[in-house]
file work13.cif (mmCIF, C-alpha atoms and all ligand atoms)
data_structure
#
loop_
_atom_site.label_atom_id
_atom_site.label_comp_id
_atom_site.auth_asym_id
_atom_site.auth_seq_id
_atom_site.Cartn_x
_atom_site.Cartn_y
_atom_site.Cartn_z
CA MET I 1 0.00 0.00 0.00
CA LYS I 2 1.14 3.57 -0.60
CA ILE I 3 1.03 5.28 2.80
CA ALA I 4 1.54 8.98 3.54
CA ILE I 5 2.51 9.63 7.14
CA PHE I 6 2.14 13.20 8.35
CA GLY I 7 4.76 13.49 11.10
CA ALA I 8 7.91 11.41 11.50
CA GLY I 9 8.37 11.50 15.27
CA GLY I 10 7.78 8.73 17.79
CA VAL I 11 4.55 7.48 16.22
CA GLY I 12 5.10 8.34 12.54
CA GLY I 13 8.72 7.17 12.52
CA THR I 14 7.83 3.87 14.18
CA LEU I 15 4.85 3.12 11.94
CA GLY I 16 6.81 4.01 8.80
CA THR I 17 9.71 1.80 9.84
CA VAL I 18 7.53 -1.26 10.49
CA TRP I 19 5.27 -0.86 7.47
CA ALA I 20 8.20 -0.25 5.11
CA ALA I 21 9.78 -3.49 6.37
CA LYS I 22 6.50 -5.24 5.51
CA GLY I 23 6.69 -3.96 1.92
CA HIS I 24 4.45 -0.90 2.10
CA GLU I 25 5.64 2.29 0.38
CA ILE I 26 6.04 5.16 2.84
CA PHE I 27 6.05 8.89 2.11
CA PHE I 28 6.56 11.08 5.19
CA GLY I 29 4.98 14.55 5.04
CA VAL I 30 6.94 16.76 7.41
CA PRO I 31 7.67 20.48 7.89
CA ASN I 32 11.33 20.09 6.96
CA PRO I 33 11.99 17.02 4.77
CA THR I 34 15.72 17.77 4.46
CA SER I 35 16.33 18.08 8.21
CA GLU I 36 19.01 15.88 9.72
CA LYS I 37 16.35 14.18 11.86
CA THR I 38 14.26 13.21 8.83
CA GLN I 39 17.27 12.18 6.74
CA THR I 40 18.56 9.99 9.59
CA LEU I 41 15.19 8.26 9.79
CA LEU I 42 15.13 7.69 6.01
CA SER I 43 18.61 6.21 6.05
CA LYS I 44 17.64 3.81 8.84
CA ILE I 45 14.56 2.61 6.95
CA ASP I 46 16.64 2.36 3.78
CA SER I 47 14.05 1.27 1.19
CA ASN I 48 10.37 1.89 0.38
CA VAL I 49 10.60 5.36 1.92
CA GLN I 50 10.81 9.05 1.00
CA ALA I 51 9.95 12.40 2.55
CA GLY I 52 8.47 15.68 1.30
CA THR I 53 5.70 18.12 2.09
CA VAL I 54 2.35 16.92 3.32
CA ALA I 55 0.85 17.82 -0.09
CA GLN I 56 3.46 15.70 -1.90
CA ALA I 57 2.92 12.82 0.52
CA SER I 58 -0.84 13.03 0.13
CA GLY I 59 -0.61 13.05 -3.67
CA PHE I 60 1.46 9.86 -3.57
CA SER I 61 -0.74 7.89 -1.20
CA ASP I 62 -3.74 5.58 -0.98
CA VAL I 63 -3.88 6.13 2.76
CA ILE I 64 -2.87 9.02 5.03
CA VAL I 65 -1.76 8.51 8.61
CA LEU I 66 -1.95 11.51 10.93
CA ALA I 67 0.91 11.41 13.46
CA THR I 68 1.21 15.11 14.22
CA PRO I 69 1.02 16.93 17.54
CA TRP I 70 -2.61 17.91 18.11
CA ALA I 71 -1.77 21.61 17.82
CA ALA I 72 -0.32 21.06 14.32
CA THR I 73 -3.01 18.69 13.02
CA GLU I 74 -5.42 21.22 11.50
CA SER I 75 -2.64 23.05 9.64
CA ALA I 76 -1.17 19.76 8.36
CA ILE I 77 -4.58 18.71 7.02
CA LYS I 78 -5.20 22.10 5.40
CA ALA I 79 -1.73 22.09 3.80
CA ALA I 80 -2.39 18.66 2.27
CA GLY I 81 -4.98 20.02 -0.20
CA ASN I 82 -8.03 18.11 -1.37
CA LEU I 83 -8.48 14.98 0.76
CA SER I 84 -11.89 13.99 -0.58
CA GLY I 85 -12.20 10.21 -0.78
CA LYS I 86 -8.91 9.56 1.03
CA THR I 87 -8.67 7.08 3.86
CA ILE I 88 -7.19 8.75 6.94
CA LEU I 89 -5.93 6.87 9.97
CA ASP I 90 -6.02 9.40 12.80
CA CYS I 91 -3.47 8.50 15.48
CA THR I 92 -3.57 11.87 17.22
CA ASN I 93 -4.90 12.63 20.66
CA PRO I 94 -6.34 16.07 21.42
CA LEU I 95 -4.12 16.52 24.47
CA LYS I 96 -3.34 19.64 26.44
CA PRO I 97 0.25 20.75 25.78
CA ASP I 98 1.38 19.24 29.13
CA PHE I 99 -0.37 15.90 28.30
CA SER I 100 -2.34 16.16 31.56
CA ALA I 101 -5.80 15.81 30.00
CA LEU I 102 -7.80 15.79 26.79
CA THR I 103 -8.99 19.13 25.46
CA MET I 104 -12.33 17.70 24.29
CA GLY I 105 -14.52 14.69 24.82
CA PHE I 106 -17.89 13.14 25.75
CA THR I 107 -19.93 15.08 23.17
CA THR I 108 -17.30 15.12 20.43
CA SER I 109 -13.75 13.89 19.82
CA GLY I 110 -10.52 14.71 18.03
CA GLY I 111 -11.42 12.08 15.43
CA GLU I 112 -14.69 13.82 14.61
CA GLN I 113 -12.91 17.19 14.52
CA VAL I 114 -10.37 15.72 12.06
CA ALA I 115 -13.26 14.52 9.88
CA GLN I 116 -14.61 18.09 9.77
CA TRP I 117 -11.21 19.51 8.80
CA ALA I 118 -10.51 16.81 6.19
CA VAL I 119 -13.61 17.47 4.11
CA GLY I 120 -14.80 14.37 2.24
CA ALA I 121 -12.14 12.05 3.69
CA ASN I 122 -12.96 8.75 5.39
CA VAL I 123 -11.48 9.05 8.87
CA VAL I 124 -10.65 6.08 11.08
CA LYS I 125 -9.48 6.62 14.63
CA THR I 126 -6.83 4.10 15.58
CA LEU I 127 -3.22 3.69 16.76
CA ASN I 128 -3.81 6.41 19.37
CA GLN I 129 -4.35 4.12 22.35
CA THR I 130 -0.88 2.95 23.24
CA GLY I 131 2.73 4.13 23.23
CA TYR I 132 4.68 4.10 20.00
CA GLU I 133 7.08 1.45 21.32
CA ASN I 134 4.15 -0.98 21.38
CA MET I 135 3.48 -0.20 17.71
CA SER I 136 6.72 -1.94 16.76
CA ASP I 137 6.43 -4.66 19.42
CA PRO I 138 2.75 -5.26 20.30
CA VAL I 139 3.01 -8.88 21.50
CA TYR I 140 3.45 -9.51 25.24
CA GLY I 141 4.33 -13.08 26.26
CA GLY I 142 2.67 -14.52 23.16
CA GLN I 143 -0.48 -12.39 23.60
CA ALA I 144 -1.19 -9.80 20.91
CA THR I 145 -2.28 -6.58 22.59
CA VAL I 146 -5.38 -4.85 21.33
CA MET I 147 -5.77 -1.90 18.98
CA PHE I 148 -9.28 -0.62 18.34
CA ALA I 149 -10.31 1.18 15.17
CA CYS I 150 -13.51 3.14 14.65
CA GLY I 151 -14.87 4.91 11.60
CA ASP I 152 -18.01 5.41 9.56
CA ASN I 153 -16.72 4.14 6.19
CA GLU I 154 -16.46 0.34 6.20
CA ASN I 155 -13.88 0.14 3.37
CA ALA I 156 -11.62 2.67 5.08
CA LYS I 157 -11.97 0.85 8.38
CA ALA I 158 -11.15 -2.49 6.73
CA THR I 159 -7.96 -0.90 5.32
CA ALA I 160 -7.08 0.47 8.75
CA LEU I 161 -7.68 -2.90 10.43
CA THR I 162 -5.40 -4.59 7.86
CA LEU I 163 -2.60 -2.08 8.50
CA VAL I 164 -3.04 -2.42 12.27
CA SER I 165 -2.91 -6.22 11.96
CA ASP I 166 0.26 -5.88 9.87
CA LEU I 167 1.90 -4.36 12.94
CA GLY I 168 0.99 -7.48 14.97
CA PHE I 169 -1.90 -6.05 17.02
CA ASP I 170 -5.20 -7.78 17.77
CA ALA I 171 -7.10 -5.35 15.53
CA VAL I 172 -10.70 -4.84 16.67
CA ASP I 173 -13.55 -2.92 15.01
CA ALA I 174 -14.96 -0.62 17.70
CA GLY I 175 -17.81 0.84 15.62
CA GLY I 176 -18.47 4.23 14.10
CA LEU I 177 -16.27 7.32 14.34
CA GLU I 178 -18.28 8.51 17.34
CA MET I 179 -16.50 5.79 19.33
CA ALA I 180 -13.42 8.02 19.16
CA ARG I 181 -15.08 9.66 22.19
CA LEU I 182 -14.11 6.47 24.05
CA LEU I 183 -10.82 5.64 22.30
CA GLU I 184 -9.26 9.02 23.11
CA PRO I 185 -9.99 8.70 26.87
CA LEU I 186 -8.54 5.16 26.57
CA ALA I 187 -5.31 6.79 25.37
CA MET I 188 -5.50 9.17 28.33
CA LEU I 189 -5.87 6.15 30.63
CA TRP I 190 -2.76 4.57 29.08
CA ILE I 191 -0.80 7.81 29.57
CA SER I 192 -2.01 8.10 33.16
CA LEU I 193 -1.12 4.47 33.96
CA ALA I 194 2.29 4.80 32.32
CA TYR I 195 3.26 8.07 33.98
CA ARG I 196 1.10 8.94 37.04
CA GLN I 197 0.64 5.36 38.24
CA GLY I 198 4.22 4.44 37.42
CA LEU I 199 3.53 1.39 35.23
CA GLY I 200 5.85 2.75 32.54
CA ARG I 201 5.59 2.64 28.76
CA ASN I 202 6.04 -1.15 28.50
CA THR I 203 2.34 -1.51 29.23
CA ALA I 204 -0.50 -2.32 26.85
CA PHE I 205 -4.15 -3.32 26.86
CA ALA I 206 -5.32 -6.76 25.69
CA LEU I 207 -8.84 -8.00 24.89
CA MET I 208 -9.61 -11.43 26.34
CA ARG I 209 -12.28 -13.67 24.77
CA ARG I 210 -13.95 -17.01 25.53
N1 LIG F 1 4.10 9.33 21.65
C1 LIG F 1 3.24 8.29 21.71
O1 LIG F 1 3.58 7.22 22.26
C2 LIG F 1 1.87 8.42 21.10
C3 LIG F 1 1.05 7.28 21.05
C4 LIG F 1 -0.19 7.36 20.43
C5 LIG F 1 -0.61 8.54 19.85
N2 LIG F 1 0.19 9.65 19.95
C6 LIG F 1 -0.28 10.88 19.29
O2 LIG F 1 0.35 10.89 18.00
C7 LIG F 1 0.69 12.21 17.62
C8 LIG F 1 2.19 12.28 17.36
O3 LIG F 1 2.89 11.98 18.54
P1 LIG F 1 4.48 11.78 18.55
O4 LIG F 1 4.81 11.37 19.92
O5 LIG F 1 4.88 10.96 17.38
O6 LIG F 1 4.95 13.28 18.32
P2 LIG F 1 6.43 13.79 17.98
O7 LIG F 1 7.43 12.75 18.32
O8 LIG F 1 6.54 15.13 18.58
O9 LIG F 1 6.41 13.93 16.37
C9 LIG F 1 5.56 14.82 15.74
C10 LIG F 1 5.93 14.89 14.27
O10 LIG F 1 5.00 15.74 13.60
C11 LIG F 1 5.75 16.63 12.78
N3 LIG F 1 4.97 17.83 12.52
C12 LIG F 1 4.82 18.94 13.28
N4 LIG F 1 4.01 19.83 12.65
C13 LIG F 1 3.69 19.28 11.46
C14 LIG F 1 2.92 19.71 10.36
N5 LIG F 1 2.28 20.90 10.36
N6 LIG F 1 2.82 18.90 9.28
C15 LIG F 1 3.44 17.70 9.26
N7 LIG F 1 4.18 17.22 10.28
C16 LIG F 1 4.30 18.01 11.37
C17 LIG F 1 7.02 16.89 13.57
O11 LIG F 1 8.00 17.47 12.74
P3 LIG F 1 9.13 18.40 13.42
O12 LIG F 1 9.86 17.51 14.40
O13 LIG F 1 9.95 18.84 12.28
O14 LIG F 1 8.38 19.51 14.11
C18 LIG F 1 7.33 15.45 14.00
O15 LIG F 1 7.92 14.73 12.95
C19 LIG F 1 0.21 13.12 18.76
O16 LIG F 1 -1.05 13.64 18.42
C20 LIG F 1 0.13 12.18 19.96
O17 LIG F 1 -0.83 12.59 20.92
C21 LIG F 1 1.42 9.60 20.54
#

call {"tool": "encode", "arguments": {"input": "work13.cif", "output": "structure tokens"}}
result
Amino acid sequence: MKIAIFGAGGVGGTLGTVWAAKGHEIFFGVPNPTSEKTQTLLSKIDSNVQAGTVAQASGFSDVIVLATPWAATESAIKAAGNLSGKTILDCTNPLKPDFSALTMGFTTSGGEQVAQWAVGANVVKTLNQTGYENMSDPVYGGQATVMFACGDNENAKATALTLVSDLGFDAVDAGGLEMARLLEPLAMLWISLAYRQGLGRNTAFALMRR
């Protein structure tokens, strides 16, 4: 799959690295594609990868992954141009700058806000609920940890679930995009457990079944 990733930090860099190794073609859209940081990442990934503006990345891709700080997400989307019909995996969390809480919730969500900004795109909220280290290593003692995805377009959600499964997660359909109102607080719970409760970042949620 041709995947544009807006942002090449902890989340974007990790996802691009793993998906490129699985044969997907990655195009990072970043503010400064020639920066040392971006070039170092490209050289580590080696093949199936390039970097440019968000508009260039979007033009190249079947799927767009949002891995930008919340404060930069609207401008990244606007700079990408026409996103009508695109599948967007929204990994962002609408956090306060100090990560202490979400800036919205209960009656709306960051995912739904992204869908309003990205007019005509099919937004799926996913890969926001755990730390980026788990995105490259989601299996704990033989148990695949869970990653929920929610969105209103079934084809886009199927694509997202495939990409999430490619990472090794137990990929679970959590319903329509409105469920982002629950998946973003789930991310906040993970952050709180990792930092305030001292469990650390080597922590992940699993879904048990019988
Ligand atoms: N960290 C986690 O474990 C984690 C887990 C799940 C979800 N999330 C969410 O995922 C998002 C990214 O988190 P992160 O930890 O990966 O952040 P990060 O390490 O700070 O990386 C952010 C990336 O976005 C780029 N960026 C900034 N403004 C941009 C713009 N206008 N257009 C395109 N790219 C832009 C940055 O480029 P420059 O460095 O050049 O500014 C950087 O490459 C956040 O919304 C976060 O809440 C994070």

call {"tool": "residues_around", "arguments": {"input": "work13.cif", "residues": "segment 168-170 of chain I", "least_positions_apart": "6", "cutoff": "10 Å", "atoms": "all atoms listed in the file", "output": "ChimeraX atom specification"}}
result
/I:127,134-139,143-148,161-162,206-207

call {"tool": "write_last_selection", "arguments": {"input": "work13.cif", "atoms": "C-alpha atoms", "output": "PDB file, keeping the file's coordinate frame"}}
result
ATOM      1  CA  LEU I 127      -3.220   3.690  16.760  1.00  0.00           C
ATOM      2  CA  ASN I 134       4.150  -0.980  21.380  1.00  0.00           C
ATOM      3  CA  MET I 135       3.480  -0.200  17.710  1.00  0.00           C
ATOM      4  CA  SER I 136       6.720  -1.940  16.760  1.00  0.00           C
ATOM      5  CA  ASP I 137       6.430  -4.660  19.420  1.00  0.00           C
ATOM      6  CA  PRO I 138       2.750  -5.260  20.300  1.00  0.00           C
ATOM      7  CA  VAL I 139       3.010  -8.880  21.500  1.00  0.00           C
ATOM      8  CA  GLN I 143      -0.480 -12.390  23.600  1.00  0.00           C
ATOM      9  CA  ALA I 144      -1.190  -9.800  20.910  1.00  0.00           C
ATOM     10  CA  THR I 145      -2.280  -6.580  22.590  1.00  0.00           C
ATOM     11  CA  VAL I 146      -5.380  -4.850  21.330  1.00  0.00           C
ATOM     12  CA  MET I 147      -5.770  -1.900  18.980  1.00  0.00           C
ATOM     13  CA  PHE I 148      -9.280  -0.620  18.340  1.00  0.00           C
ATOM     14  CA  LEU I 161      -7.680  -2.900  10.430  1.00  0.00           C
ATOM     15  CA  THR I 162      -5.400  -4.590   7.860  1.00  0.00           C
ATOM     16  CA  ALA I 206      -5.320  -6.760  25.690  1.00  0.00           C
ATOM     17  CA  LEU I 207      -8.840  -8.000  24.890  1.00  0.00           C
TER      18      LEU I 207
END

call {"tool": "residues_near_ligand", "arguments": {"input": "work13.cif", "ligand": "ligand LIG 1 (chain F)", "cutoff": "9 Å", "atoms": "all atoms listed in the file", "output": "MDAnalysis selection string"}}
result
chainID I and resid 5:14 28:33 35 37:38 53:54 66:77 79:80 90:95 99 126:135 187 191 201

call {"tool": "atom_distance", "arguments": {"input": "work13.cif", "atom1": "atom CA of Val65 of chain I", "atom2": "atom CA of Tyr140 of chain I"}}
result
25.1 Å

call {"tool": "closest_residue", "arguments": {"input": "work13.cif", "among": "I:Leu15, I:Val123, I:Asp173, I:Glu112", "to": "Thr87 of chain I", "atoms": "all atoms listed in the file"}}
result
I:Val123

call {"tool": "residues_around", "arguments": {"input": "work13.cif", "residues": "segment 18-22 of chain I", "least_positions_apart": "3", "cutoff": "8 Å", "atoms": "all atoms listed in the file", "output": "MDAnalysis selection string"}}
result
chainID I and resid 14:15 25:26 45 47:49 136 166:167

call {"tool": "build_atoms", "arguments": {"input": "work13.cif", "residues": "segment 67-99 of chain I", "atoms": "N, CA and C atoms", "output": "CSV table (one decimal), keeping the file's coordinate frame"}}
result
chain,number,residue,atom,x,y,z
I,67,ALA,N,0.1,11.6,12.3
I,67,ALA,CA,0.9,11.4,13.5
I,67,ALA,C,1.6,12.7,13.8
I,68,THR,N,0.7,13.8,13.9
I,68,THR,CA,1.2,15.1,14.2
I,68,THR,C,0.8,15.5,15.6
I,69,PRO,N,1.5,16.4,16.3
I,69,PRO,CA,1.0,16.9,17.5
I,69,PRO,C,-0.4,17.5,17.3
I,70,TRP,N,-1.2,17.4,18.3
I,70,TRP,CA,-2.6,17.9,18.1
I,70,TRP,C,-2.6,19.4,17.6
I,71,ALA,N,-1.8,20.2,18.2
I,71,ALA,CA,-1.8,21.6,17.8
I,71,ALA,C,-1.4,21.9,16.4
I,72,ALA,N,-0.7,20.9,15.7
I,72,ALA,CA,-0.3,21.1,14.3
I,72,ALA,C,-1.2,20.3,13.4
I,73,THR,N,-2.2,19.6,13.9
I,73,THR,CA,-3.0,18.7,13.0
I,73,THR,C,-3.9,19.4,12.0
I,74,GLU,N,-4.6,20.5,12.4
I,74,GLU,CA,-5.4,21.2,11.5
I,74,GLU,C,-4.6,21.8,10.4
I,75,SER,N,-3.4,22.4,10.7
I,75,SER,CA,-2.6,23.0,9.6
I,75,SER,C,-2.1,22.0,8.7
I,76,ALA,N,-1.7,20.8,9.2
I,76,ALA,CA,-1.2,19.8,8.4
I,76,ALA,C,-2.3,19.3,7.4
I,77,ILE,N,-3.5,19.1,7.9
I,77,ILE,CA,-4.6,18.7,7.0
I,77,ILE,C,-4.8,19.8,6.0
I,78,LYS,N,-4.9,21.0,6.4
I,78,LYS,CA,-5.2,22.1,5.4
I,78,LYS,C,-4.1,22.2,4.3
I,79,ALA,N,-2.9,22.0,4.7
I,79,ALA,CA,-1.7,22.1,3.8
I,79,ALA,C,-1.7,20.9,2.8
I,80,ALA,N,-2.4,19.9,3.1
I,80,ALA,CA,-2.4,18.7,2.3
I,80,ALA,C,-3.2,18.8,1.0
I,81,GLY,N,-4.1,19.8,1.0
I,81,GLY,CA,-5.0,20.0,-0.2
I,81,GLY,C,-6.2,19.2,-0.1
I,82,ASN,N,-6.7,18.8,-1.3
I,82,ASN,CA,-8.0,18.1,-1.4
I,82,ASN,C,-7.9,16.7,-0.9
I,83,LEU,N,-8.6,16.3,0.2
I,83,LEU,CA,-8.5,15.0,0.8
I,83,LEU,C,-9.8,14.2,0.5
I,84,SER,N,-10.6,14.7,-0.3
I,84,SER,CA,-11.9,14.0,-0.6
I,84,SER,C,-11.7,12.6,-1.1
I,85,GLY,N,-12.3,11.6,-0.4
I,85,GLY,CA,-12.2,10.2,-0.8
I,85,GLY,C,-11.0,9.5,-0.2
I,86,LYS,N,-10.1,10.2,0.4
I,86,LYS,CA,-8.9,9.6,1.0
I,86,LYS,C,-9.3,8.8,2.3
I,87,THR,N,-8.6,7.8,2.6
I,87,THR,CA,-8.7,7.1,3.9
I,87,THR,C,-7.6,7.7,4.8
I,88,ILE,N,-8.1,8.1,6.0
I,88,ILE,CA,-7.2,8.8,6.9
I,88,ILE,C,-7.2,8.0,8.2
I,89,LEU,N,-6.1,7.5,8.7
I,89,LEU,CA,-5.9,6.9,10.0
I,89,LEU,C,-5.5,8.0,10.9
I,90,ASP,N,-6.3,8.3,11.9
I,90,ASP,CA,-6.0,9.4,12.8
I,90,ASP,C,-5.5,8.8,14.1
I,91,CYS,N,-4.2,9.0,14.3
I,91,CYS,CA,-3.5,8.5,15.5
I,91,CYS,C,-3.3,9.6,16.5
I,92,THR,N,-3.8,10.8,16.3
I,92,THR,CA,-3.6,11.9,17.2
I,92,THR,C,-4.4,11.7,18.5
I,93,ASN,N,-4.1,12.5,19.5
I,93,ASN,CA,-4.9,12.6,20.7
I,93,ASN,C,-5.0,14.1,21.0
I,94,PRO,N,-6.2,14.6,21.2
I,94,PRO,CA,-6.3,16.1,21.4
I,94,PRO,C,-5.9,16.4,22.9
I,95,LEU,N,-4.6,16.3,23.1
I,95,LEU,CA,-4.1,16.5,24.5
I,95,LEU,C,-3.8,18.0,24.7
I,96,LYS,N,-3.9,18.4,26.0
I,96,LYS,CA,-3.3,19.6,26.4
I,96,LYS,C,-1.8,19.6,26.2
I,97,PRO,N,-1.2,20.8,26.1
I,97,PRO,CA,0.2,20.8,25.8
I,97,PRO,C,1.1,20.0,26.8
I,98,ASP,N,0.6,20.0,28.1
I,98,ASP,CA,1.4,19.2,29.1
I,98,ASP,C,0.9,17.8,29.3
I,99,PHE,N,0.1,17.3,28.3
I,99,PHE,CA,-0.4,15.9,28.3
I,99,PHE,C,-1.2,15.5,29.5
